[in-house]
$ cat my_file.txt   # compact mmCIF, C-alpha atoms and all ligand atoms
# COMPACT_ATOMS: atom_id res chain seq x y z
CA MET P 1 48.87 -68.53 10.57
CA ASN P 2 47.46 -65.01 10.42
CA ASP P 3 49.17 -64.20 7.15
CA VAL P 4 47.94 -61.06 5.42
CA ARG P 5 49.73 -61.76 2.15
CA PRO P 6 47.23 -62.77 -0.56
CA LEU P 7 47.24 -66.41 -1.58
CA ASN P 8 48.21 -66.72 -5.22
CA ILE P 9 46.35 -69.55 -6.98
CA PRO P 10 46.68 -69.39 -10.79
CA VAL P 11 44.64 -71.59 -13.11
CA ILE P 12 46.59 -73.51 -15.77
CA LEU P 13 44.58 -73.86 -18.98
CA GLY P 14 45.84 -77.21 -20.24
CA THR P 15 45.16 -77.18 -23.97
CA SER P 16 46.08 -75.12 -27.01
CA ARG P 17 43.25 -76.48 -29.17
CA LYS P 18 41.48 -73.87 -31.26
CA GLY P 19 37.87 -73.61 -30.11
CA ARG P 20 38.69 -75.23 -26.76
CA ALA P 21 35.74 -75.33 -24.34
CA SER P 22 38.11 -75.70 -21.36
CA VAL P 23 38.92 -71.99 -21.57
CA HIS P 24 35.45 -71.19 -20.19
CA ALA P 25 36.01 -73.36 -17.11
CA ALA P 26 39.49 -71.88 -16.56
CA LYS P 27 38.27 -68.29 -16.76
CA LEU P 28 35.29 -68.92 -14.51
CA LEU P 29 37.43 -70.65 -11.88
CA ALA P 30 39.95 -67.79 -11.89
CA ASP P 31 37.03 -65.39 -11.44
CA LEU P 32 35.54 -67.45 -8.58
CA LEU P 33 38.95 -67.57 -6.86
CA ASN P 34 39.39 -63.81 -7.23
CA ARG P 35 36.08 -63.30 -5.43
CA ARG P 36 37.44 -64.99 -2.30
CA ALA P 37 38.91 -62.68 0.31
CA GLY P 38 42.69 -62.79 0.36
CA VAL P 39 43.03 -64.78 -2.89
CA ARG P 40 44.25 -63.71 -6.30
CA SER P 41 44.19 -65.73 -9.46
CA GLY P 42 44.62 -65.55 -13.22
CA VAL P 43 44.77 -67.91 -16.18
CA VAL P 44 48.12 -69.34 -17.28
CA ASP P 45 47.44 -70.35 -20.88
CA ILE P 46 49.83 -73.05 -22.09
CA ALA P 47 49.08 -71.98 -25.68
CA SER P 48 50.86 -68.68 -25.01
CA LEU P 49 54.16 -70.33 -24.03
CA PRO P 50 56.67 -70.66 -26.86
CA LEU P 51 57.80 -74.13 -25.76
CA PRO P 52 60.14 -75.83 -28.24
CA VAL P 53 59.23 -79.39 -29.21
CA ASP P 54 62.72 -80.52 -30.16
CA ASP P 55 63.71 -80.91 -26.51
CA ALA P 56 61.99 -81.61 -23.19
CA GLY P 57 62.17 -81.07 -19.44
CA GLU P 58 63.88 -78.23 -17.63
CA ALA P 59 66.08 -77.56 -20.68
CA ILE P 60 63.13 -75.76 -22.28
CA LYS P 61 61.95 -73.90 -19.16
CA GLN P 62 60.18 -70.64 -20.05
CA ALA P 63 60.82 -67.76 -17.66
CA ALA P 64 57.19 -66.59 -17.69
CA TYR P 65 55.86 -70.03 -16.75
CA SER P 66 58.58 -70.70 -14.20
CA GLU P 67 57.95 -67.34 -12.50
CA ALA P 68 54.18 -67.89 -12.47
CA ILE P 69 54.57 -71.27 -10.77
CA SER P 70 57.26 -70.03 -8.36
CA ALA P 71 54.97 -67.22 -7.24
CA ALA P 72 52.00 -69.59 -6.79
CA ASP P 73 50.85 -70.94 -3.44
CA GLY P 74 48.49 -73.39 -5.12
CA LEU P 75 47.36 -74.33 -8.60
CA VAL P 76 44.26 -75.32 -10.48
CA ILE P 77 44.83 -77.41 -13.59
CA VAL P 78 41.99 -77.42 -16.12
CA ALA P 79 42.59 -80.38 -18.41
CA PRO P 80 40.36 -81.60 -21.22
CA GLU P 81 40.13 -85.34 -21.79
CA TYR P 82 41.89 -86.31 -25.01
CA ASN P 83 41.76 -90.04 -25.79
CA HIS P 84 41.11 -90.88 -22.14
CA SER P 85 44.08 -88.89 -20.87
CA PHE P 86 45.58 -85.39 -20.75
CA PRO P 87 46.76 -83.33 -23.73
CA GLY P 88 50.39 -83.94 -24.65
CA LEU P 89 51.20 -80.23 -24.58
CA LEU P 90 50.01 -80.00 -20.97
CA LYS P 91 52.47 -82.71 -19.94
CA HIS P 92 55.24 -81.09 -22.01
CA THR P 93 54.59 -77.82 -20.18
CA LEU P 94 54.37 -79.39 -16.72
CA ASP P 95 57.64 -81.25 -17.36
CA SER P 96 59.50 -77.99 -18.00
CA CYS P 97 59.67 -77.14 -14.27
CA LEU P 98 60.26 -79.10 -11.06
CA ASN P 99 61.36 -77.22 -7.94
CA GLU P 100 58.73 -74.61 -8.65
CA TYR P 101 55.91 -77.08 -7.82
CA ILE P 102 57.20 -78.74 -4.72
CA HIS P 103 54.96 -78.74 -1.63
CA LYS P 104 52.21 -76.72 -3.31
CA ALA P 105 48.53 -77.62 -3.44
CA VAL P 106 46.80 -78.50 -6.69
CA GLY P 107 43.14 -78.95 -7.59
CA LEU P 108 42.24 -80.81 -10.79
CA VAL P 109 39.42 -80.01 -13.21
CA GLY P 110 38.57 -82.53 -15.92
CA VAL P 111 36.59 -81.41 -18.97
CA SER P 112 35.04 -83.70 -21.55
CA ALA P 113 32.51 -83.71 -24.33
CA GLY P 114 31.45 -87.20 -23.32
CA PRO P 115 29.44 -88.36 -20.32
CA PHE P 116 32.36 -89.44 -18.11
CA ALA P 117 33.03 -85.87 -17.05
CA GLY P 118 36.77 -85.86 -17.44
CA ILE P 119 37.18 -88.42 -14.64
CA ARG P 120 39.77 -90.30 -16.71
CA VAL P 121 41.90 -87.23 -17.31
CA VAL P 122 41.94 -86.49 -13.58
CA GLN P 123 42.94 -90.08 -12.81
CA SER P 124 45.74 -89.90 -15.41
CA LEU P 125 47.09 -86.70 -13.90
CA LEU P 126 47.31 -87.97 -10.30
CA PRO P 127 50.65 -89.85 -10.60
CA VAL P 128 52.13 -86.93 -12.54
CA MET P 129 51.18 -84.51 -9.77
CA ARG P 130 52.80 -86.72 -7.18
CA GLU P 131 56.06 -86.99 -9.10
CA LEU P 132 56.18 -83.21 -9.53
CA GLY P 133 55.88 -82.75 -5.76
CA LEU P 134 52.43 -81.18 -5.95
CA VAL P 135 49.89 -82.14 -3.29
CA THR P 136 46.45 -82.93 -4.67
CA ILE P 137 43.32 -81.93 -2.80
CA PHE P 138 40.57 -84.52 -2.35
CA TRP P 139 37.88 -82.74 -4.36
CA ASP P 140 37.98 -82.50 -8.14
CA ILE P 141 35.70 -80.70 -10.54
CA ASN P 142 34.34 -82.93 -13.28
CA ILE P 143 32.69 -81.28 -16.23
CA GLY P 144 31.01 -83.76 -18.57
CA GLN P 145 29.03 -82.86 -21.67
CA VAL P 146 30.72 -79.49 -21.50
CA GLY P 147 28.44 -78.13 -24.23
CA LYS P 148 25.58 -78.25 -21.71
CA VAL P 149 27.60 -76.42 -19.04
CA PHE P 150 29.02 -73.56 -21.15
CA ALA P 151 27.68 -71.99 -24.34
CA GLU P 152 30.17 -71.46 -27.16
CA ASP P 153 30.57 -67.82 -26.13
CA GLY P 154 31.43 -68.89 -22.58
CA ARG P 155 28.08 -68.17 -20.93
CA LEU P 156 27.42 -70.47 -18.01
CA LEU P 157 24.39 -72.65 -18.76
CA ASP P 158 24.39 -74.71 -15.58
CA ASP P 159 24.51 -72.85 -12.25
CA ALA P 160 25.19 -76.11 -10.41
CA PHE P 161 28.80 -75.71 -11.56
CA VAL P 162 29.30 -72.74 -9.24
CA ARG P 163 27.67 -74.53 -6.29
CA ARG P 164 29.78 -77.66 -6.87
CA SER P 165 32.99 -75.67 -7.17
CA ASP P 166 32.55 -74.11 -3.71
CA ARG P 167 33.88 -77.06 -1.68
CA PHE P 168 36.74 -77.51 -4.19
CA ILE P 169 37.79 -73.88 -3.83
CA ARG P 170 37.51 -73.87 -0.04
CA GLU P 171 39.61 -77.03 0.26
CA LEU P 172 42.20 -75.67 -2.19
CA ILE P 173 42.51 -72.40 -0.26
CA TRP P 174 42.94 -74.29 3.01
CA MET P 175 45.60 -76.61 1.57
CA SER P 176 47.42 -73.72 -0.10
CA LYS P 177 47.53 -71.84 3.22
CA VAL P 178 48.69 -74.85 5.19
CA LEU P 179 51.39 -75.74 2.67
CA ARG P 180 52.65 -72.16 2.47
CA TYR P 181 52.96 -72.18 6.25
CA GLY P 182 54.73 -75.53 6.04
CA ARG P 183 57.16 -74.44 3.31
CA GLU P 184 58.11 -71.34 5.22
CA GLN P 185 57.98 -72.51 8.84
CA VAL P 186 58.33 -76.28 9.15
CA THR P 187 61.53 -78.15 8.57
CA ILE P 188 61.50 -81.75 7.37
CA ASP P 189 64.06 -82.73 9.96
CA GLU P 190 62.18 -82.39 13.28
CA GLU P 191 65.32 -82.59 15.40
CA ALA P 192 67.00 -79.82 13.47
CA ALA P 193 63.93 -77.59 13.69
CA GLU P 194 65.15 -75.56 16.60
CA ILE P 195 68.50 -74.78 15.07
CA ALA P 196 67.34 -74.54 11.46
CA LYS P 197 68.39 -71.30 9.86
CA LYS P 198 66.02 -69.77 7.35
CA VAL P 199 67.42 -69.44 3.85
CA PRO P 200 65.95 -67.58 0.88
CA CYS P 201 64.14 -69.83 -1.59
CA PRO P 202 66.13 -69.79 -4.86
CA ASN P 203 62.88 -69.48 -6.82
CA CYS P 204 60.84 -66.83 -5.03
CA GLY P 205 63.23 -65.33 -2.44
CA THR P 206 60.97 -66.04 0.56
CA LEU P 207 62.79 -67.05 3.72
CA MET P 208 62.13 -70.72 4.46
CA THR P 209 63.38 -73.36 6.83
CA HIS P 210 63.89 -75.62 3.87
CA HIS P 211 63.67 -74.33 0.37
CA ALA P 212 61.53 -75.60 -2.42
CA ASP P 213 63.41 -78.72 -3.23
CA LYS P 214 63.04 -82.38 -2.52
CA VAL P 215 64.69 -82.43 0.85
CA VAL P 216 67.30 -85.06 1.47
CA PRO P 217 66.67 -86.51 4.95
CA ALA P 218 69.37 -86.08 7.57
CA ALA P 219 71.96 -88.89 7.72
CA ALA P 220 70.71 -91.95 9.56
CA THR P 221 71.33 -91.76 13.29
CA SER P 222 72.99 -94.53 15.25
CA GLU P 223 69.49 -95.25 16.64
CA ASN P 224 68.38 -96.04 13.08
CA ASP P 225 71.32 -98.42 12.73
CA VAL P 226 70.23 -100.28 15.86
CA VAL P 227 66.69 -100.62 14.52
CA ILE P 228 67.97 -101.86 11.14
CA ALA P 229 70.28 -104.40 12.83
CA ALA P 230 67.37 -105.66 14.97
CA ALA P 231 65.14 -105.97 11.90
CA ARG P 232 67.85 -107.91 10.04
CA ALA P 233 68.38 -110.26 12.99
CA TRP P 234 64.63 -110.84 13.24
CA SER P 235 64.26 -111.61 9.53
CA GLY P 236 67.38 -113.79 9.51
CA ALA P 237 69.05 -111.60 6.83
C1 LIG U 301 42.37 -85.28 -29.61
C2 LIG U 301 41.07 -85.29 -28.86
C3 LIG U 301 40.70 -86.41 -28.16
C4 LIG U 301 39.51 -86.44 -27.43
N1 LIG U 301 39.20 -87.54 -26.67
C5 LIG U 301 38.08 -87.52 -25.90
C6 LIG U 301 37.81 -88.60 -25.00
O1 LIG U 301 38.56 -89.54 -24.88
N2 LIG U 301 36.67 -88.56 -24.25
C7 LIG U 301 35.79 -87.48 -24.33
O2 LIG U 301 34.79 -87.47 -23.62
N3 LIG U 301 36.05 -86.44 -25.16
C8 LIG U 301 37.17 -86.43 -25.92
N4 LIG U 301 37.46 -85.36 -26.74
C9 LIG U 301 36.53 -84.23 -26.76
C10 LIG U 301 36.94 -83.18 -25.70
O3 LIG U 301 36.74 -83.71 -24.43
C11 LIG U 301 36.12 -81.94 -25.97
O4 LIG U 301 36.73 -81.25 -27.06
C12 LIG U 301 35.87 -81.04 -24.80
O5 LIG U 301 35.24 -79.87 -25.29
C13 LIG U 301 37.09 -80.63 -23.98
O6 LIG U 301 38.20 -80.27 -24.79
P1 LIG U 301 38.50 -78.79 -25.35
O7 LIG U 301 38.83 -77.91 -24.19
O8 LIG U 301 39.62 -78.97 -26.31
O9 LIG U 301 37.23 -78.32 -26.03
C14 LIG U 301 38.63 -85.32 -27.47
C15 LIG U 301 39.02 -84.18 -28.22
C16 LIG U 301 40.22 -84.16 -28.88
C17 LIG U 301 40.61 -82.92 -29.63

$ encode --input "my_file.txt" --output "structure tokens"
Amino acid sequence: MNDVRPLNIPVILGTSRKGRASVHAAKLLADLLNRRAGVRSGVVDIASLPLPVDDAGEAIKQAAYSEAISAADGLVIVAPEYNHSFPGLLKHTLDSCLNEYIHKAVGLVGVSAGPFAGIRVVQSLLPVMRELGLVTIFWDINIGQVGKVFAEDGRLLDDAFVRRSDRFIRELIWMSKVLRYGREQVTIDEEAAEIAKKVPCPNCGTLMTHHADKVVPAAATSENDVVIAAARAWSGA
């Protein structure tokens, strides 16, 4: 896995609210990622996407967002807690793509004014990530009482944030590397691995053994049929 290509890990800023404090966390995380060797990052601001609200899903896909996600190896989502969940516009934006996310790593950052540190927004996002085909890492960043962590002008008031983000970033880089290797080198169908022909991914053009799509498993083998028949006989079905 000695890949010299930089890992691309953009940070999605998940709110369009004027005066949003989450922007400080998003910018700092992009900066911290850019300081890591072999990693590049930037902020994808959902407020800058002209998403229509009279439709939903892939019908309103924006080229800029789709290209940013296609080119990503991993993602950070910075989401403020609004009424114990994520902002509606973040979900509307996430819903506008699908294949672009599949088999990519994601790290979640919850931001709240209250004391629960955005834990509830992270919990609410987990099933959404799974359905999109993203793979969550096991560290989150939880920023509670955000006014004590960042000043209004974005100055960091609490250095512990940088120390705590270290393990999150290291895990996200590792998962992004592993999943990039997997997307490009490992086929879902083990038996077909040796004969699998690489095809260009329709989204990013990279040659892959299976492209960024939910892969339909190979047709059941006769061995599977034997196992199913045995299971039916055993259960009396
Ligand atoms: C519509 C809305 C709902 C909110 N609900 C919560 C909440 O449930 N819990 C909480 O701790 N803070 C809540 N907040 C405060 C945000 O967490 C706070 O604004 C924080 O700075 C992060 O959001 P921001 O990036 O928009 O500033 C809410 C804010 C808005 C605008």

$ residues_around --input "my_file.txt" --residues "P:Ile173" --least-positions-apart "3" --cutoff "9 Å" --atoms "all atoms listed in the file" --output "number ranges by chain"
P: 7, 9, 33, 39, 74, 105, 168-170, 176-178

$ residues_near_ligand --input "my_file.txt" --ligand "ligand LIG 301 (chain U)" --cutoff "9 Å" --atoms "all atoms listed in the file" --output "number ranges by chain"
P: 13-25, 78-87, 110-118, 120-121, 143-147

$ axis_aligned_box --input "my_file.txt" --around "stretch 109-119 of chain P" --padding-each-side "3 Å" --output "JSON"
{"center_x": 34.4, "center_y": -84.7, "center_z": -18.8, "size_x": 16.0, "size_y": 15.4, "size_z": 17.1}

$ residues_around --input "my_file.txt" --residues "P:Val11" --least-positions-apart "4" --cutoff "9 Å" --atoms "only C-alpha atoms" --output "MDAnalysis selection string"
chainID P and resid 26:27 29:30 41:45 75:78

$ closest_residue --input "my_file.txt" --among "P:Val106, P:Ile119, P:Leu94, P:Leu32" --to "P:Leu49" --atoms "only C-alpha atoms"
P:Leu94

$ closest_residue --input "my_file.txt" --among "P:His103, P:Arg155, P:Lys91, P:Arg130" --to "P:Leu179" --atoms "all atoms listed in the file"
P:His103

$ atom_distance --input "my_file.txt" --atom1 "atom CA of P:Glu152" --atom2 "atom CA of P:Val109"
18.8 Å

$ closest_residue --input "my_file.txt" --among "P:Phe161, P:Leu51, P:Cys204, P:Gln185" --to "P:Ala68" --atoms "all atoms listed in the file"
P:Cys204

$ atom_distance --input "my_file.txt" --atom1 "atom CA of P:Glu100" --atom2 "atom CA of P:Arg40"
18.3 Å

$ atom_distance --input "my_file.txt" --atom1 "atom CA of P:Ile12" --atom2 "atom CA of P:Arg35"
17.9 Å

$ closest_residue --input "my_file.txt" --among "P:Leu157, P:Ser165, P:Met208, P:Glu67" --to "P:Asp31" --atoms "all atoms listed in the file"
P:Ser165

$ closest_residue --input "my_file.txt" --among "P:Val186, P:Gly88, P:Leu172, P:Pro10" --to "P:Leu28" --atoms "all atoms listed in the file"
P:Pro10

$ closest_residue --input "my_file.txt" --among "P:Gln123, P:Gly38, P:Ala72, P:Lys61" --to "P:Arg180" --atoms "only C-alpha atoms"
P:Ala72

$ decode --input "my_file.txt" --residues "stretch 112-127 of chain P" --atoms "all heavy atoms" --output "PDB file, in the first residue's frame"
ATOM      1  N   SER P 112     -22.227  21.683  19.627  1.00  0.00           N
ATOM      2  CA  SER P 112     -23.437  22.195  20.278  1.00  0.00           C
ATOM      3  C   SER P 112     -23.120  23.337  21.225  1.00  0.00           C
ATOM      4  O   SER P 112     -22.000  23.465  21.711  1.00  0.00           O
ATOM      5  CB  SER P 112     -24.169  21.083  21.036  1.00  0.00           C
ATOM      6  OG  SER P 112     -23.478  20.766  22.213  1.00  0.00           O
ATOM      7  N   ALA P 113     -24.145  24.143  21.464  1.00  0.00           N
ATOM      8  CA  ALA P 113     -24.016  25.211  22.450  1.00  0.00           C
ATOM      9  C   ALA P 113     -24.180  24.621  23.841  1.00  0.00           C
ATOM     10  O   ALA P 113     -23.599  25.104  24.809  1.00  0.00           O
ATOM     11  CB  ALA P 113     -25.089  26.260  22.196  1.00  0.00           C
ATOM     12  N   GLY P 114     -24.952  23.566  23.932  1.00  0.00           N
ATOM     13  CA  GLY P 114     -25.262  22.953  25.219  1.00  0.00           C
ATOM     14  C   GLY P 114     -24.157  22.021  25.690  1.00  0.00           C
ATOM     15  O   GLY P 114     -23.140  21.826  25.014  1.00  0.00           O
ATOM     16  N   PRO P 115     -24.380  21.404  26.858  1.00  0.00           N
ATOM     17  CA  PRO P 115     -23.332  20.605  27.489  1.00  0.00           C
ATOM     18  C   PRO P 115     -23.166  19.195  26.913  1.00  0.00           C
ATOM     19  O   PRO P 115     -22.222  18.508  27.258  1.00  0.00           O
ATOM     20  CB  PRO P 115     -23.781  20.530  28.951  1.00  0.00           C
ATOM     21  CG  PRO P 115     -25.270  20.663  28.884  1.00  0.00           C
ATOM     22  CD  PRO P 115     -25.578  21.521  27.708  1.00  0.00           C
ATOM     23  N   PHE P 116     -24.082  18.762  26.040  1.00  0.00           N
ATOM     24  CA  PHE P 116     -24.002  17.363  25.591  1.00  0.00           C
ATOM     25  C   PHE P 116     -23.090  17.174  24.377  1.00  0.00           C
ATOM     26  O   PHE P 116     -23.017  16.097  23.791  1.00  0.00           O
ATOM     27  CB  PHE P 116     -25.393  16.785  25.344  1.00  0.00           C
ATOM     28  CG  PHE P 116     -26.176  16.657  26.614  1.00  0.00           C
ATOM     29  CD1 PHE P 116     -27.235  17.493  26.883  1.00  0.00           C
ATOM     30  CD2 PHE P 116     -25.809  15.725  27.576  1.00  0.00           C
ATOM     31  CE1 PHE P 116     -27.934  17.409  28.074  1.00  0.00           C
ATOM     32  CE2 PHE P 116     -26.498  15.625  28.778  1.00  0.00           C
ATOM     33  CZ  PHE P 116     -27.570  16.477  29.032  1.00  0.00           C
ATOM     34  N   ALA P 117     -22.408  18.231  24.003  1.00  0.00           N
ATOM     35  CA  ALA P 117     -21.280  18.137  23.077  1.00  0.00           C
ATOM     36  C   ALA P 117     -21.609  17.531  21.723  1.00  0.00           C
ATOM     37  O   ALA P 117     -20.783  16.877  21.104  1.00  0.00           O
ATOM     38  CB  ALA P 117     -20.136  17.360  23.752  1.00  0.00           C
ATOM     39  N   GLY P 118     -22.825  17.747  21.267  1.00  0.00           N
ATOM     40  CA  GLY P 118     -23.148  17.258  19.936  1.00  0.00           C
ATOM     41  C   GLY P 118     -23.227  15.740  19.837  1.00  0.00           C
ATOM     42  O   GLY P 118     -23.249  15.180  18.741  1.00  0.00           O
ATOM     43  N   ILE P 119     -23.279  15.065  20.982  1.00  0.00           N
ATOM     44  CA  ILE P 119     -23.341  13.586  20.948  1.00  0.00           C
ATOM     45  C   ILE P 119     -24.599  13.135  20.207  1.00  0.00           C
ATOM     46  O   ILE P 119     -24.580  12.184  19.429  1.00  0.00           O
ATOM     47  CB  ILE P 119     -23.313  13.020  22.390  1.00  0.00           C
ATOM     48  CG1 ILE P 119     -21.914  13.218  22.976  1.00  0.00           C
ATOM     49  CG2 ILE P 119     -23.709  11.548  22.428  1.00  0.00           C
ATOM     50  CD1 ILE P 119     -21.824  12.978  24.459  1.00  0.00           C
ATOM     51  N   ARG P 120     -25.710  13.868  20.428  1.00  0.00           N
ATOM     52  CA  ARG P 120     -26.973  13.440  19.815  1.00  0.00           C
ATOM     53  C   ARG P 120     -26.958  13.624  18.306  1.00  0.00           C
ATOM     54  O   ARG P 120     -27.533  12.814  17.582  1.00  0.00           O
ATOM     55  CB  ARG P 120     -28.145  14.204  20.446  1.00  0.00           C
ATOM     56  CG  ARG P 120     -28.410  13.753  21.881  1.00  0.00           C
ATOM     57  CD  ARG P 120     -29.494  14.547  22.555  1.00  0.00           C
ATOM     58  NE  ARG P 120     -29.109  15.920  22.765  1.00  0.00           N
ATOM     59  CZ  ARG P 120     -29.400  16.621  23.877  1.00  0.00           C
ATOM     60  NH1 ARG P 120     -30.080  16.063  24.848  1.00  0.00           N
ATOM     61  NH2 ARG P 120     -29.035  17.871  23.995  1.00  0.00           N
ATOM     62  N   VAL P 121     -26.274  14.652  17.828  1.00  0.00           N
ATOM     63  CA  VAL P 121     -26.237  14.818  16.370  1.00  0.00           C
ATOM     64  C   VAL P 121     -25.387  13.714  15.741  1.00  0.00           C
ATOM     65  O   VAL P 121     -25.716  13.185  14.669  1.00  0.00           O
ATOM     66  CB  VAL P 121     -25.766  16.236  15.957  1.00  0.00           C
ATOM     67  CG1 VAL P 121     -24.340  16.526  16.282  1.00  0.00           C
ATOM     68  CG2 VAL P 121     -25.961  16.442  14.458  1.00  0.00           C
ATOM     69  N   VAL P 122     -24.329  13.315  16.421  1.00  0.00           N
ATOM     70  CA  VAL P 122     -23.499  12.216  15.888  1.00  0.00           C
ATOM     71  C   VAL P 122     -24.316  10.923  15.851  1.00  0.00           C
ATOM     72  O   VAL P 122     -24.324  10.210  14.842  1.00  0.00           O
ATOM     73  CB  VAL P 122     -22.212  12.052  16.730  1.00  0.00           C
ATOM     74  CG1 VAL P 122     -21.486  10.761  16.378  1.00  0.00           C
ATOM     75  CG2 VAL P 122     -21.285  13.259  16.530  1.00  0.00           C
ATOM     76  N   GLN P 123     -25.040  10.656  16.943  1.00  0.00           N
ATOM     77  CA  GLN P 123     -25.860   9.434  16.981  1.00  0.00           C
ATOM     78  C   GLN P 123     -26.919   9.445  15.872  1.00  0.00           C
ATOM     79  O   GLN P 123     -27.192   8.422  15.254  1.00  0.00           O
ATOM     80  CB  GLN P 123     -26.550   9.291  18.354  1.00  0.00           C
ATOM     81  CG  GLN P 123     -25.614   8.958  19.479  1.00  0.00           C
ATOM     82  CD  GLN P 123     -24.832   7.674  19.252  1.00  0.00           C
ATOM     83  OE1 GLN P 123     -23.605   7.716  19.109  1.00  0.00           O
ATOM     84  NE2 GLN P 123     -25.499   6.544  19.202  1.00  0.00           N
ATOM     85  N   SER P 124     -27.492  10.620  15.616  1.00  0.00           N
ATOM     86  CA  SER P 124     -28.538  10.705  14.572  1.00  0.00           C
ATOM     87  C   SER P 124     -27.953  10.475  13.184  1.00  0.00           C
ATOM     88  O   SER P 124     -28.635   9.976  12.287  1.00  0.00           O
ATOM     89  CB  SER P 124     -29.192  12.088  14.555  1.00  0.00           C
ATOM     90  OG  SER P 124     -29.588  12.465  15.817  1.00  0.00           O
ATOM     91  N   LEU P 125     -26.696  10.864  13.014  1.00  0.00           N
ATOM     92  CA  LEU P 125     -26.090  10.719  11.675  1.00  0.00           C
ATOM     93  C   LEU P 125     -25.672   9.282  11.358  1.00  0.00           C
ATOM     94  O   LEU P 125     -25.572   8.910  10.180  1.00  0.00           O
ATOM     95  CB  LEU P 125     -24.855  11.632  11.555  1.00  0.00           C
ATOM     96  CG  LEU P 125     -25.117  13.094  11.210  1.00  0.00           C
ATOM     97  CD1 LEU P 125     -23.852  13.915  11.373  1.00  0.00           C
ATOM     98  CD2 LEU P 125     -25.643  13.233   9.771  1.00  0.00           C
ATOM     99  N   LEU P 126     -25.423   8.471  12.400  1.00  0.00           N
ATOM    100  CA  LEU P 126     -24.860   7.131  12.133  1.00  0.00           C
ATOM    101  C   LEU P 126     -25.679   6.295  11.142  1.00  0.00           C
ATOM    102  O   LEU P 126     -25.120   5.777  10.170  1.00  0.00           O
ATOM    103  CB  LEU P 126     -24.645   6.372  13.448  1.00  0.00           C
ATOM    104  CG  LEU P 126     -23.493   6.892  14.314  1.00  0.00           C
ATOM    105  CD1 LEU P 126     -23.450   6.129  15.642  1.00  0.00           C
ATOM    106  CD2 LEU P 126     -22.158   6.779  13.601  1.00  0.00           C
ATOM    107  N   PRO P 127     -27.010   6.154  11.333  1.00  0.00           N
ATOM    108  CA  PRO P 127     -27.752   5.338  10.353  1.00  0.00           C
ATOM    109  C   PRO P 127     -27.753   5.944   8.951  1.00  0.00           C
ATOM    110  O   PRO P 127     -27.825   5.220   7.962  1.00  0.00           O
ATOM    111  CB  PRO P 127     -29.172   5.275  10.931  1.00  0.00           C
ATOM    112  CG  PRO P 127     -29.248   6.316  11.978  1.00  0.00           C
ATOM    113  CD  PRO P 127     -27.863   6.600  12.443  1.00  0.00           C
TER     114      PRO P 127
END
